[in-house]
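One file, coords-v3.cif, carrying mmCIF, C-alpha atoms and all ligand atoms:
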```cif
data_query
loop_
_atom_site.label_atom_id
_atom_site.label_comp_id
_atom_site.auth_asym_id
_atom_site.auth_seq_id
_atom_site.Cartn_x
_atom_site.Cartn_y
_atom_site.Cartn_z
CA MET A 853 32.89 18.87 -59.43
CA ALA A 854 34.68 21.88 -60.83
CA LYS A 855 31.76 22.54 -63.10
CA ILE A 856 29.30 22.59 -60.21
CA ASP A 857 31.59 24.87 -58.26
CA GLN A 858 31.69 27.29 -61.17
CA LYS A 859 27.98 27.15 -61.53
CA PHE A 860 27.32 27.89 -57.88
CA GLU A 861 30.03 30.43 -57.22
CA PRO A 862 28.13 33.50 -58.45
CA ILE A 863 25.01 32.46 -56.52
CA THR A 864 26.98 32.17 -53.28
CA ALA A 865 28.48 35.61 -53.83
CA ALA A 866 25.06 37.09 -54.48
CA GLU A 867 23.66 35.45 -51.39
CA GLU A 868 26.51 36.83 -49.38
CA ALA A 869 25.90 40.33 -50.67
CA ALA A 870 22.20 40.06 -49.93
CA ALA A 871 22.68 38.77 -46.41
CA ALA A 872 22.66 41.40 -43.73
CA VAL A 873 26.33 41.99 -43.01
CA PRO A 874 26.82 42.24 -39.26
CA ALA A 875 28.33 45.50 -38.08
CA PRO A 876 32.05 45.26 -37.38
CA GLY A 877 32.82 43.66 -34.05
CA VAL A 878 29.42 41.99 -33.60
CA VAL A 879 29.98 38.49 -32.21
CA ALA A 880 26.38 37.50 -31.39
CA THR A 881 22.84 38.81 -31.29
CA ASP A 882 19.84 37.75 -29.23
CA GLY A 883 16.18 38.62 -28.79
CA PRO A 884 13.88 40.15 -31.39
CA SER A 885 15.42 41.59 -34.56
CA ALA A 886 16.80 45.12 -34.44
CA ASP A 887 14.20 46.56 -36.81
CA GLN A 888 11.26 45.17 -34.82
CA ALA A 889 12.47 45.74 -31.26
CA GLY A 890 11.75 48.86 -29.26
CA GLY A 891 15.39 49.19 -28.43
CA THR A 892 18.87 47.74 -28.72
CA LEU A 893 20.99 46.71 -25.78
CA THR A 894 24.68 46.60 -26.68
CA ILE A 895 27.02 44.54 -24.52
CA ASP A 896 30.72 45.11 -25.07
CA LEU A 897 32.43 41.79 -24.30
CA GLY A 898 35.83 43.37 -24.99
CA ALA A 899 35.23 45.90 -22.22
CA LEU A 900 33.94 43.14 -19.94
CA VAL A 901 37.14 41.12 -20.42
CA ALA A 902 39.28 44.25 -19.99
CA ASN A 903 37.51 44.94 -16.69
CA TRP A 904 38.13 41.39 -15.47
CA GLN A 905 41.80 41.66 -16.48
CA SER A 906 42.28 45.01 -14.76
CA LEU A 907 40.74 43.69 -11.53
CA GLY A 908 42.98 40.63 -11.85
CA ARG A 909 46.09 42.82 -12.14
CA ARG A 910 44.98 44.84 -9.12
CA VAL A 911 44.62 41.79 -6.85
CA MET A 912 47.60 39.76 -8.07
CA PRO A 913 48.63 37.19 -6.90
CA ALA A 914 45.05 36.49 -5.76
CA GLU A 915 42.73 34.79 -8.23
CA CYS A 916 40.02 36.88 -9.88
CA ALA A 917 36.77 34.91 -10.14
CA ALA A 918 33.56 36.26 -11.69
CA VAL A 919 30.09 36.58 -10.20
CA VAL A 920 27.57 35.79 -12.94
CA LYS A 921 24.40 35.35 -10.89
CA ALA A 922 21.08 36.75 -12.16
CA ASN A 923 22.00 35.78 -15.73
CA ALA A 924 25.34 37.63 -15.49
CA TYR A 925 23.59 40.68 -14.01
CA GLY A 926 21.06 40.54 -16.81
CA LEU A 927 23.57 40.50 -19.65
CA GLY A 928 23.51 36.81 -20.61
CA ILE A 929 25.38 33.87 -19.06
CA GLU A 930 25.78 32.21 -22.48
CA GLN A 931 27.87 35.11 -23.84
CA VAL A 932 29.49 36.52 -20.70
CA VAL A 933 30.85 33.25 -19.28
CA PRO A 934 32.62 32.01 -22.45
CA ALA A 935 34.20 35.44 -22.98
CA LEU A 936 35.60 35.41 -19.43
CA ALA A 937 36.59 31.73 -19.59
CA ARG A 938 38.54 32.35 -22.82
CA ALA A 939 40.34 35.20 -21.07
CA GLY A 940 41.38 32.75 -18.31
CA CYS A 941 38.67 33.03 -15.66
CA LYS A 942 38.43 29.67 -13.89
CA THR A 943 35.90 30.24 -11.11
CA PHE A 944 32.30 31.43 -11.37
CA PHE A 945 29.71 32.25 -8.70
CA VAL A 946 25.98 31.96 -9.41
CA ALA A 947 22.87 32.24 -7.25
CA ASP A 948 21.15 28.90 -7.89
CA LEU A 949 21.37 25.52 -9.58
CA SER A 950 19.62 26.51 -12.78
CA GLU A 951 22.26 29.20 -13.35
CA ALA A 952 24.99 26.72 -12.42
CA ARG A 953 23.68 24.35 -15.10
CA ARG A 954 23.86 27.11 -17.71
CA VAL A 955 27.40 28.01 -16.70
CA ARG A 956 28.45 24.35 -16.79
CA ALA A 957 27.08 24.05 -20.35
CA VAL A 958 29.47 26.75 -21.60
CA ALA A 959 32.39 26.31 -19.16
CA PRO A 960 33.02 22.55 -18.85
CA ASP A 961 36.16 22.89 -16.70
CA ALA A 962 35.31 25.84 -14.46
CA ALA A 963 34.75 25.73 -10.71
CA ILE A 964 31.15 26.81 -10.09
CA TYR A 965 29.92 27.94 -6.67
CA VAL A 966 26.23 28.33 -5.87
CA LEU A 967 25.83 31.22 -3.43
CA SER A 968 22.32 30.42 -2.22
CA GLY A 969 23.70 27.12 -0.99
CA MET A 970 22.06 23.80 -0.80
CA LEU A 971 18.28 23.63 -0.81
CA PRO A 972 16.79 20.43 0.69
CA ASN A 973 17.45 17.28 -1.38
CA THR A 974 19.53 18.99 -4.06
CA GLY A 975 22.76 17.04 -3.43
CA PRO A 976 22.38 14.87 -6.56
CA ALA A 977 21.76 17.94 -8.75
CA PHE A 978 25.03 19.47 -7.49
CA ALA A 979 26.93 16.25 -8.10
CA ASP A 980 25.38 15.87 -11.55
CA ILE A 981 26.99 19.10 -12.87
CA LYS A 982 29.97 19.21 -10.49
CA ALA A 983 28.78 22.46 -8.92
CA ARG A 984 29.77 23.34 -5.37
CA PRO A 985 27.25 24.62 -2.85
CA VAL A 986 28.24 27.51 -0.63
CA ILE A 987 27.34 26.05 2.75
CA ASN A 988 25.52 28.80 4.61
CA SER A 989 24.43 27.14 7.86
CA THR A 990 25.21 24.15 10.08
CA VAL A 991 21.94 22.56 8.93
CA GLU A 992 23.09 22.73 5.31
CA LEU A 993 26.47 21.35 6.31
CA ALA A 994 24.83 18.37 8.01
CA GLU A 995 22.74 17.64 4.94
CA TRP A 996 25.77 18.02 2.66
CA ASP A 997 27.79 15.64 4.85
CA ALA A 998 24.97 13.09 4.78
CA PHE A 999 24.74 13.35 1.01
CA VAL A 1000 28.51 12.97 0.59
CA ALA A 1001 28.58 9.96 2.93
CA ALA A 1002 25.72 8.26 1.08
CA SER A 1003 26.80 9.06 -2.47
CA GLY A 1004 30.58 9.21 -2.25
CA SER A 1005 30.41 12.51 -4.14
CA ARG A 1006 33.78 14.31 -4.29
CA GLY A 1007 32.52 17.59 -5.74
CA GLY A 1008 33.31 19.69 -2.71
CA ALA A 1009 31.80 22.84 -1.28
CA ALA A 1010 32.58 26.29 0.08
CA LEU A 1011 32.01 27.24 3.70
CA HIS A 1012 30.50 30.68 4.23
CA VAL A 1013 31.26 32.39 7.55
CA ASP A 1014 29.22 35.38 8.65
CA THR A 1015 31.43 38.25 9.79
CA GLY A 1016 28.74 40.90 10.13
CA MET A 1017 26.38 40.82 7.15
CA ASN A 1018 23.84 38.73 9.09
CA ARG A 1019 22.34 37.27 5.94
CA LEU A 1020 23.97 33.90 5.26
CA GLY A 1021 26.88 31.99 6.72
CA VAL A 1022 27.74 30.03 9.85
CA SER A 1023 28.70 32.04 12.94
CA ILE A 1024 32.31 32.69 13.85
CA ASN A 1025 31.93 30.34 16.81
CA ASP A 1026 30.52 27.56 14.65
CA ALA A 1027 33.31 28.10 12.13
CA ALA A 1028 35.87 27.74 14.92
CA ALA A 1029 34.18 24.60 16.22
CA LEU A 1030 34.12 23.09 12.73
CA ALA A 1031 37.74 23.94 11.90
CA PRO A 1032 39.24 20.58 13.02
CA ARG A 1033 37.39 18.81 10.22
CA ILE A 1034 39.91 20.18 7.69
CA ARG A 1035 42.44 17.76 9.18
CA ALA A 1036 40.43 14.90 7.71
CA GLU A 1037 41.40 13.71 4.27
CA ASN A 1038 38.72 14.53 1.67
CA HIS A 1039 37.15 17.13 3.95
CA GLY A 1040 35.73 18.67 0.77
CA ILE A 1041 36.02 22.35 1.74
CA HIS A 1042 37.55 24.10 -1.28
CA LEU A 1043 36.90 27.66 -0.24
CA LEU A 1044 36.34 29.63 2.94
CA MET A 1045 34.35 32.75 2.28
CA SER A 1046 32.64 35.73 3.87
CA HIS A 1047 30.86 38.78 2.44
CA PHE A 1048 31.11 42.53 3.10
CA ALA A 1049 28.04 44.46 4.17
CA CYS A 1050 29.34 47.98 3.47
CA ALA A 1051 32.22 47.69 1.00
CA ASP A 1052 30.89 50.60 -1.08
CA GLU A 1053 31.37 52.87 1.96
CA PRO A 1054 35.14 52.74 2.57
CA GLU A 1055 34.88 54.71 5.83
CA HIS A 1056 32.32 52.40 7.38
CA PRO A 1057 33.76 50.81 10.56
CA LEU A 1058 32.15 47.45 9.74
CA ASN A 1059 34.68 46.91 6.91
CA ASP A 1060 37.71 46.73 9.20
CA ARG A 1061 35.83 44.65 11.71
CA GLN A 1062 34.89 42.11 9.02
CA ILE A 1063 38.46 41.99 7.66
CA LYS A 1064 39.80 41.34 11.18
CA LEU A 1065 37.22 38.68 12.05
CA PHE A 1066 37.75 36.90 8.76
CA ARG A 1067 41.52 36.94 9.30
CA GLU A 1068 41.02 35.12 12.61
CA VAL A 1069 38.84 32.47 10.99
CA ARG A 1070 41.34 32.01 8.14
CA LEU A 1071 44.04 31.20 10.67
CA LEU A 1072 41.94 28.24 11.80
CA TYR A 1073 41.50 27.08 8.20
CA ARG A 1074 45.10 27.37 7.12
CA GLY A 1075 45.66 25.83 3.70
CA ILE A 1076 42.09 26.43 2.51
CA PRO A 1077 41.80 29.24 -0.08
CA SER A 1078 39.77 32.15 1.26
CA SER A 1079 37.59 34.82 -0.34
CA LEU A 1080 36.08 38.02 1.05
CA ALA A 1081 35.97 40.83 -1.50
CA ASN A 1082 33.18 41.71 -3.92
CA SER A 1083 33.78 44.51 -6.47
CA SER A 1084 33.95 47.36 -3.96
CA GLY A 1085 35.84 45.20 -1.49
CA ILE A 1086 38.70 44.90 -4.00
CA PHE A 1087 39.21 48.67 -3.74
CA LEU A 1088 38.94 48.84 0.07
CA SER A 1089 42.31 47.43 1.02
CA ASP A 1090 44.82 44.78 -0.04
CA ALA A 1091 43.95 43.05 3.24
CA ALA A 1092 40.54 42.23 1.73
CA HIS A 1093 41.94 40.37 -1.29
CA CYS A 1094 42.77 37.04 0.42
CA ASP A 1095 43.17 34.23 -2.19
CA VAL A 1096 40.13 34.73 -4.44
CA VAL A 1097 38.14 37.89 -5.19
CA ARG A 1098 34.49 37.79 -6.30
CA PRO A 1099 33.68 40.84 -8.42
CA GLY A 1100 30.27 41.08 -10.04
CA VAL A 1101 29.01 44.54 -10.83
CA ALA A 1102 32.42 46.08 -11.66
CA LEU A 1103 32.88 43.55 -14.46
CA TYR A 1104 29.79 45.01 -16.07
CA GLY A 1105 31.11 48.58 -15.88
CA VAL A 1106 29.45 49.86 -12.72
CA ASN A 1107 31.62 52.09 -10.51
CA PRO A 1108 32.92 50.06 -7.53
CA THR A 1109 34.27 53.26 -5.93
CA PRO A 1110 31.18 55.50 -5.54
CA GLY A 1111 32.06 59.18 -5.41
CA LYS A 1112 35.38 58.62 -7.17
CA GLN A 1113 36.18 58.33 -10.86
CA ASN A 1114 35.00 55.01 -12.28
CA PRO A 1115 38.05 52.80 -12.94
CA MET A 1116 35.98 50.38 -15.06
CA GLN A 1117 35.14 50.55 -18.76
CA PRO A 1118 31.47 50.87 -19.71
CA VAL A 1119 30.03 47.58 -20.96
CA VAL A 1120 26.33 48.34 -21.52
CA GLY A 1121 24.59 50.71 -23.92
CA LEU A 1122 20.84 51.08 -24.40
CA LYS A 1123 19.22 52.83 -27.30
CA ALA A 1124 15.46 52.96 -27.85
CA ARG A 1125 13.43 53.87 -30.88
CA VAL A 1126 11.32 56.96 -31.41
CA VAL A 1127 7.78 55.81 -32.19
CA GLN A 1128 6.58 59.30 -32.98
CA VAL A 1129 7.28 62.98 -32.38
CA ARG A 1130 4.26 65.00 -31.37
CA HIS A 1131 3.45 68.64 -30.76
CA VAL A 1132 1.98 69.71 -27.46
CA THR A 1133 0.56 73.17 -26.94
CA ARG A 1134 1.43 75.34 -23.95
CA GLY A 1135 -0.42 74.37 -20.78
CA GLU A 1136 -1.15 70.78 -21.86
CA THR A 1137 0.15 67.87 -19.80
CA VAL A 1138 1.99 64.74 -20.94
CA GLY A 1139 1.37 61.19 -19.74
CA TYR A 1140 -0.33 59.45 -16.83
CA SER A 1141 -1.62 61.70 -14.06
CA GLY A 1142 -0.59 64.78 -16.04
CA THR A 1143 2.52 65.30 -13.93
CA TRP A 1144 4.40 67.33 -16.55
CA THR A 1145 3.04 70.52 -18.09
CA ALA A 1146 4.33 72.14 -21.28
CA ARG A 1147 5.42 75.64 -20.25
CA ARG A 1148 5.50 76.61 -23.93
CA ALA A 1149 4.69 74.87 -27.20
CA ALA A 1150 6.71 71.65 -26.96
CA ARG A 1151 7.77 68.73 -29.08
CA ILE A 1152 7.72 65.34 -27.40
CA ALA A 1153 9.52 62.24 -28.67
CA VAL A 1154 7.65 59.08 -27.66
CA VAL A 1155 10.23 56.33 -27.12
CA ALA A 1156 9.61 52.56 -27.12
CA ALA A 1157 11.05 51.65 -23.70
CA GLY A 1158 9.18 51.58 -20.42
CA TYR A 1159 9.26 50.08 -16.99
CA ALA A 1160 8.31 46.64 -18.35
CA ASP A 1161 11.69 46.82 -20.12
CA GLY A 1162 13.42 47.71 -16.88
CA TYR A 1163 13.59 51.40 -17.76
CA LEU A 1164 12.65 52.47 -14.27
CA ARG A 1165 9.35 54.21 -13.62
CA ALA A 1166 11.01 56.36 -10.97
CA SER A 1167 13.00 58.04 -13.80
CA GLY A 1168 9.89 60.03 -14.74
CA SER A 1169 9.53 63.76 -14.12
CA THR A 1170 6.95 66.14 -12.72
CA ASP A 1171 6.64 69.93 -12.90
CA GLU A 1172 8.43 70.09 -9.54
CA VAL A 1173 10.94 67.27 -9.77
CA PRO A 1174 13.12 66.74 -12.84
CA GLY A 1175 13.57 63.12 -13.88
CA GLY A 1176 15.94 61.20 -16.10
CA ALA A 1177 17.31 62.15 -19.48
CA ALA A 1178 17.90 60.74 -22.93
CA ILE A 1179 20.53 61.73 -25.48
CA VAL A 1180 18.68 62.68 -28.64
CA ALA A 1181 20.56 63.75 -31.77
CA GLY A 1182 23.65 64.28 -29.61
CA LYS A 1183 21.90 66.46 -27.02
CA ARG A 1184 20.75 65.64 -23.50
CA CYS A 1185 16.95 66.01 -23.28
CA ALA A 1186 14.80 65.62 -20.17
CA LEU A 1187 12.03 63.08 -19.73
CA ALA A 1188 8.58 64.68 -19.81
CA GLY A 1189 6.17 63.08 -17.36
CA ARG A 1190 5.87 59.50 -16.17
CA VAL A 1191 7.57 56.47 -17.63
CA SER A 1192 4.79 54.07 -18.61
CA MET A 1193 4.89 50.32 -19.11
CA ASP A 1194 6.15 50.27 -22.69
CA LEU A 1195 6.86 53.92 -23.52
CA SER A 1196 8.66 56.99 -22.27
CA THR A 1197 8.27 60.61 -23.34
CA VAL A 1198 11.18 62.97 -23.92
CA ASP A 1199 11.03 66.75 -24.28
CA VAL A 1200 12.92 67.46 -27.53
CA SER A 1201 11.77 71.08 -27.88
CA GLU A 1202 15.39 72.29 -27.67
CA LEU A 1203 16.33 70.41 -30.82
CA ALA A 1204 15.92 71.86 -34.29
CA GLU A 1205 12.64 70.88 -35.96
CA GLY A 1206 13.28 67.65 -37.86
CA ALA A 1207 16.43 66.81 -35.88
CA VAL A 1208 14.65 63.76 -34.48
CA ARG A 1209 12.16 61.70 -36.46
CA ARG A 1210 10.08 58.58 -36.17
CA GLY A 1211 12.36 55.51 -36.25
CA ASP A 1212 15.44 57.31 -34.89
CA MET A 1213 17.25 55.86 -31.91
CA VAL A 1214 17.82 57.78 -28.68
CA THR A 1215 20.36 56.85 -26.02
CA LEU A 1216 18.98 55.91 -22.60
CA ILE A 1217 22.20 54.38 -21.23
CA GLY A 1218 25.58 55.12 -22.75
CA ASP A 1219 27.87 58.01 -23.68
CA ASP A 1220 27.78 60.22 -20.59
CA LEU A 1221 24.52 58.73 -19.32
CA THR A 1222 26.13 56.10 -17.14
CA LEU A 1223 24.37 53.18 -15.47
CA ASP A 1224 25.25 54.77 -12.15
CA GLU A 1225 23.71 58.12 -13.09
CA VAL A 1226 20.53 56.66 -14.55
CA ALA A 1227 20.05 54.48 -11.46
CA ARG A 1228 20.74 57.34 -9.06
CA GLY A 1229 18.20 59.50 -10.91
CA ALA A 1230 15.62 56.80 -10.26
CA GLY A 1231 16.50 56.53 -6.58
CA THR A 1232 18.12 53.12 -6.90
CA ILE A 1233 21.47 51.48 -7.58
CA ALA A 1234 23.01 50.34 -10.85
CA TYR A 1235 22.65 46.69 -9.75
CA GLU A 1236 18.87 46.95 -9.89
CA LEU A 1237 18.82 48.82 -13.20
CA LEU A 1238 21.25 46.37 -14.82
CA THR A 1239 19.55 43.17 -13.67
CA GLY A 1240 16.14 44.45 -14.72
CA LEU A 1241 16.87 45.33 -18.36
CA GLY A 1242 14.26 43.37 -20.22
CA LYS A 1243 13.89 40.67 -22.77
CA ARG A 1244 12.16 42.80 -25.41
CA PHE A 1245 15.33 44.55 -26.51
CA HIS A 1246 17.41 43.39 -29.44
CA ARG A 1247 20.75 42.41 -27.94
CA VAL A 1248 24.06 42.91 -29.66
CA TYR A 1249 27.28 41.48 -28.27
CA VAL A 1250 30.36 43.25 -29.55
CA LYS A 1251 34.06 42.76 -29.07
CA ASP A 1252 36.27 45.70 -29.87
C1 LIG B 1301 26.60 39.31 -5.49
C2 LIG B 1301 27.73 38.87 -4.65
C3 LIG B 1301 29.05 39.21 -5.01
C4 LIG B 1301 29.37 40.18 -6.11
O1 LIG B 1301 29.06 41.50 -5.64
P1 LIG B 1301 29.37 42.81 -6.49
O2 LIG B 1301 29.09 43.91 -5.53
O3 LIG B 1301 28.40 42.79 -7.63
O4 LIG B 1301 30.77 42.73 -6.94
C5 LIG B 1301 30.08 38.65 -4.28
N1 LIG B 1301 29.83 37.81 -3.24
C6 LIG B 1301 28.57 37.48 -2.87
C7 LIG B 1301 28.36 36.56 -1.71
C8 LIG B 1301 27.48 38.00 -3.54
O5 LIG B 1301 26.24 37.69 -3.15
#
```
Reformat the file's structure so that it appears as structure tokens.
Ligand SMILES: *Cc1c(COP(=O)(O)O)cnc(C)c1O
Amino acid sequence: MAKIDQKFEPITAAEEAAAAVPAPGVVATDGPSADQAGGTLTIDLGALVANWQSLGRRVMPAECAAVVKANAYGLGIEQVVPALARAGCKTFFVADLSEARRVRAVAPDAAIYVLSGMLPNTGPAFADIKARPVINSTVELAEWDAFVAASGSRGGAALHVDTGMNRLGVSINDAAALAPRIRAENHGIHLLMSHFACADEPEHPLNDRQIKLFREVRLLYRGIPSSLANSSGIFLSDAAHCDVVRPGVALYGVNPTPGKQNPMQPVVGLKARVVQVRHVTRGETVGYSGTWTARRAARIAVVAAGYADGYLRASGSTDEVPGGAAIVAGKRCALAGRVSMDLSTVDVSELAEGAVRRGDMVTLIGDDLTLDEVARGAGTIAYELLTGLGKRFHRVYVKD
């Protein structure tokens, strides 16, 4: 035995030296390899957990759940959910059953709520993974009751009451009419919830109206935990916290208090690779439809990220309207012309010749190019940018 060990020891050491040593703090990677991908998306799980903890401190003694629908806002259920569960998160909200199944696979003990509710004939699928539908109408409630009566399932559900969003949820009147059922043993309602329509606009009168209406419904459901606030709702008022808060976007570093300093830590960084740097003479145009004209001899870095990667087409620029920016060799440089499917073009004329070369990485999201700013520049919100970031990037999960 000892002999074999001695014989193999040097080989193991050599193998170790030859293996690519992951950068410090890297806990997982996903997607194509870094050297072959057009870009690298970095997801800071340490910052994610810190954001969840800071929201939890803010709402204490309410419970801080986590909304991980749309594949944890595009960042990966399989990495995001275990990181939050290890930190103590016990309740997760997803959009549909397939996401619930993925959460269950990595969080065996968590409570999982499915926000889109119960589609026809899905009772057994809920029971199978102990996921709870958010009951969004009286029709769904009737089907859920029938399923529970027939199957004896004890998984439970949430009841969603509409207080002004007019998207999902039973009416206030229906909620009042249904309230006596909580006197029954095994009524199965584990959570009473509603959803803000305008929480990112603190002055909007609908916020107070929704808080007041929900308070009235809660009185009828005394003893049932209640939940109203999404990320921005947490910052509206303590009266919005109830028993459970449901932050999504703030966990991922997006500012839940638009117009004010962002209290969250950035979680996402996107760097993309320079495919080539080319020279354009004065008066020539760059890209589709020739929307951007070189006003002098220019150098253009062609970057391997486009709208098929979720780098939004509306970030492009024209001669009249400036577009988005990239940070190249430490300097902010403007996009030149349209964003195309797989590529974007950046005006790097301001940089010293040779400061950026083929193979270099430029920053598209990160440093002072925040998700919020990049989204705003493209006429949209950070939610859409975040959930659209594509599958072609190499993904690196770090923990600081
Ligand atoms: C998406 C969603 C949330 C989370 O919203 P954020 O604004 O991302 O915090 C909470 N509740 C419901 C019902 C949702 O649909």
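Counting from atom CA of Ser1003 of chain A, the distance to atom CA of Arg1033 of chain A is 19.2 Å.
Minimum atom-to-atom distance to Gly1176 of chain A, evaluated using all atoms listed in the file, belongs to A:Val1226 out of A:Val919, A:Val932, A:Leu1088, A:Val1226.
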Residues of chain A that have any atom at most 10 Å from an atom of ligand LIG 1301 (chain B): could you tabulate them with the shortest-distance atom pair and the distance in Å to one decimal, using all atoms listed in the file, ordered by chain and increasing number, as a Markdown table?
```
| residue | atom | partner | partner_atom | distance |
| --- | --- | --- | --- | --- |
| A:Ala917 | CA | B:LIG1301 | C5 | 9.6 |
| A:Ala918 | CA | B:LIG1301 | C4 | 8.0 |
| A:Val919 | CA | B:LIG1301 | C4 | 5.5 |
| A:Val920 | CA | B:LIG1301 | C1 | 8.3 |
| A:Lys921 | CA | B:LIG1301 | C1 | 7.0 |
| A:Ala922 | CA | B:LIG1301 | C1 | 9.0 |
| A:Ala924 | CA | B:LIG1301 | O3 | 9.9 |
| A:Tyr925 | CA | B:LIG1301 | O3 | 8.3 |
| A:Phe945 | CA | B:LIG1301 | C5 | 7.8 |
| A:Val946 | CA | B:LIG1301 | C1 | 8.4 |
| A:Ala947 | CA | B:LIG1301 | O5 | 7.6 |
| A:Val966 | CA | B:LIG1301 | C7 | 9.5 |
| A:Leu967 | CA | B:LIG1301 | C7 | 6.2 |
| A:Ser968 | CA | B:LIG1301 | O5 | 8.3 |
| A:Val986 | CA | B:LIG1301 | C7 | 9.1 |
| A:His1012 | CA | B:LIG1301 | C7 | 8.6 |
| A:Arg1019 | CA | B:LIG1301 | C7 | 9.8 |
| A:Leu1020 | CA | B:LIG1301 | C7 | 8.7 |
| A:Gly1021 | CA | B:LIG1301 | C7 | 9.7 |
| A:Met1045 | CA | B:LIG1301 | C7 | 8.1 |
| A:Ser1046 | CA | B:LIG1301 | C7 | 7.1 |
| A:His1047 | CA | B:LIG1301 | C7 | 5.3 |
| A:Phe1048 | CA | B:LIG1301 | N1 | 8.0 |
| A:Ala1049 | CA | B:LIG1301 | O2 | 9.8 |
| A:Cys1050 | CA | B:LIG1301 | O2 | 9.9 |
| A:Ala1051 | CA | B:LIG1301 | O2 | 8.2 |
| A:Asp1052 | CA | B:LIG1301 | O2 | 8.2 |
| A:Ser1079 | CA | B:LIG1301 | N1 | 8.8 |
| A:Leu1080 | CA | B:LIG1301 | N1 | 7.6 |
| A:Ala1081 | CA | B:LIG1301 | C5 | 6.9 |
| A:Asn1082 | CA | B:LIG1301 | O4 | 4.0 |
| A:Ser1083 | CA | B:LIG1301 | O4 | 3.5 |
| A:Ser1084 | CA | B:LIG1301 | O2 | 6.2 |
| A:Gly1085 | CA | B:LIG1301 | O4 | 7.8 |
| A:Ile1086 | CA | B:LIG1301 | O4 | 8.7 |
| A:Val1097 | CA | B:LIG1301 | C5 | 8.1 |
| A:Arg1098 | CA | B:LIG1301 | C5 | 4.9 |
| A:Pro1099 | CA | B:LIG1301 | O4 | 3.8 |
| A:Gly1100 | CA | B:LIG1301 | O3 | 3.5 |
| A:Val1101 | CA | B:LIG1301 | O3 | 3.7 |
| A:Ala1102 | CA | B:LIG1301 | O4 | 6.0 |
| A:Leu1103 | CA | B:LIG1301 | O4 | 7.9 |
| A:Tyr1104 | CA | B:LIG1301 | O3 | 8.8 |
| A:Val1106 | CA | B:LIG1301 | O3 | 8.8 |
| A:Asn1107 | CA | B:LIG1301 | O2 | 9.9 |
| A:Pro1108 | CA | B:LIG1301 | O2 | 7.5 |
| A:Ala1234 | CA | B:LIG1301 | O3 | 9.8 |
| A:Tyr1235 | CA | B:LIG1301 | O3 | 7.3 |
```
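Checking A:Ala914, A:Gly1240, A:Leu900, A:Pro876 one by one against His1093 of chain A, counting all atoms listed in the file, you find the shortest gap at A:Ala914.
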Contacts of segment 1209-1220 of chain A at 8 Å or less, counting only C-alpha atoms, minus same-chain residues fewer than 5 places along, as JSON, numbers by chain?
{"A": [891, 1118, 1120, 1121, 1122, 1123, 1124, 1125, 1126, 1127, 1128, 1129, 1155, 1177, 1178, 1179, 1180, 1181, 1226]}
If we count only C-alpha atoms, what is near Asp896 of chain A at a cut-off of 7 Å, once residues fewer than 2 positions away on the same chain are taken out, given as number ranges by chain?
A: 894, 898-900, 1119-1120, 1249-1251
Write to file, as a PDB file, keeping the file's coordinate frame, the residues of the selection just made, with C-alpha atoms.
```
ATOM      1  CA  THR A 894      24.680  46.600 -26.680  1.00  0.00           C
ATOM      2  CA  GLY A 898      35.830  43.370 -24.990  1.00  0.00           C
ATOM      3  CA  ALA A 899      35.230  45.900 -22.220  1.00  0.00           C
ATOM      4  CA  LEU A 900      33.940  43.140 -19.940  1.00  0.00           C
ATOM      5  CA  VAL A1119      30.030  47.580 -20.960  1.00  0.00           C
ATOM      6  CA  VAL A1120      26.330  48.340 -21.520  1.00  0.00           C
ATOM      7  CA  TYR A1249      27.280  41.480 -28.270  1.00  0.00           C
ATOM      8  CA  VAL A1250      30.360  43.250 -29.550  1.00  0.00           C
ATOM      9  CA  LYS A1251      34.060  42.760 -29.070  1.00  0.00           C
TER      10      LYS A1251
END
```
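Taking atom CA of Ala1002 of chain A and atom CA of Arg984 of chain A as endpoints, the distance between them is 16.9 Å.
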All residues 12 Å or closer to Glu992 of chain A, all atoms listed in the file, same chain fewer than 3 positions away omitted, as a count of residues only
25
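Taking atom CA of Leu1221 of chain A and atom CA of Ala889 of chain A as endpoints, the distance between them is 21.4 Å.
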Find, counting only C-alpha atoms, the residue in A:Ile1024, A:Ser1089, A:Ala1160, A:Val1096 that gets nearest to Val1069 of chain A.
A:Ile1024
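In terms of minimum interatomic distance to Leu993 of chain A, A:Gly1008 ranks closest within A:Gly1189, A:Gly1135, A:Gly1162, A:Gly1008, counting only C-alpha atoms.
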Which polymer residues have any atom within 10 Å of an atom of Arg1070 of chain A, counting all atoms listed in the file, with same-chain residues fewer than 4 positions away left out, as a VMD selection string?
chain A and resid 1027 to 1028 1031 1044 to 1045 1064 to 1066 1074 to 1079 1094
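Shortest atom-to-atom contact with Ser885 of chain A among A:Phe944, A:Tyr1163, A:Trp904, A:Phe1245: A:Phe1245, counting all atoms listed in the file.
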Can you tell me which residues surround Val1248 of chain A at a distance of at most 7 Å, considering all atoms listed in the file, apart from same-chain residues fewer than 5 positions away, and format the answer as a ChimeraX atom specification?
/A:878,880-882,893-895
Store the residues of this selection in a file with C-alpha atoms, as a short mmCIF file (atom, residue, chain, number, x, y, z; two decimals), keeping the file's coordinate frame.
```cif
data_model
loop_
_atom_site.label_atom_id
_atom_site.label_comp_id
_atom_site.auth_asym_id
_atom_site.auth_seq_id
_atom_site.Cartn_x
_atom_site.Cartn_y
_atom_site.Cartn_z
CA VAL A 878 29.42 41.99 -33.60
CA ALA A 880 26.38 37.50 -31.39
CA THR A 881 22.84 38.81 -31.29
CA ASP A 882 19.84 37.75 -29.23
CA LEU A 893 20.99 46.71 -25.78
CA THR A 894 24.68 46.60 -26.68
CA ILE A 895 27.02 44.54 -24.52
#
```
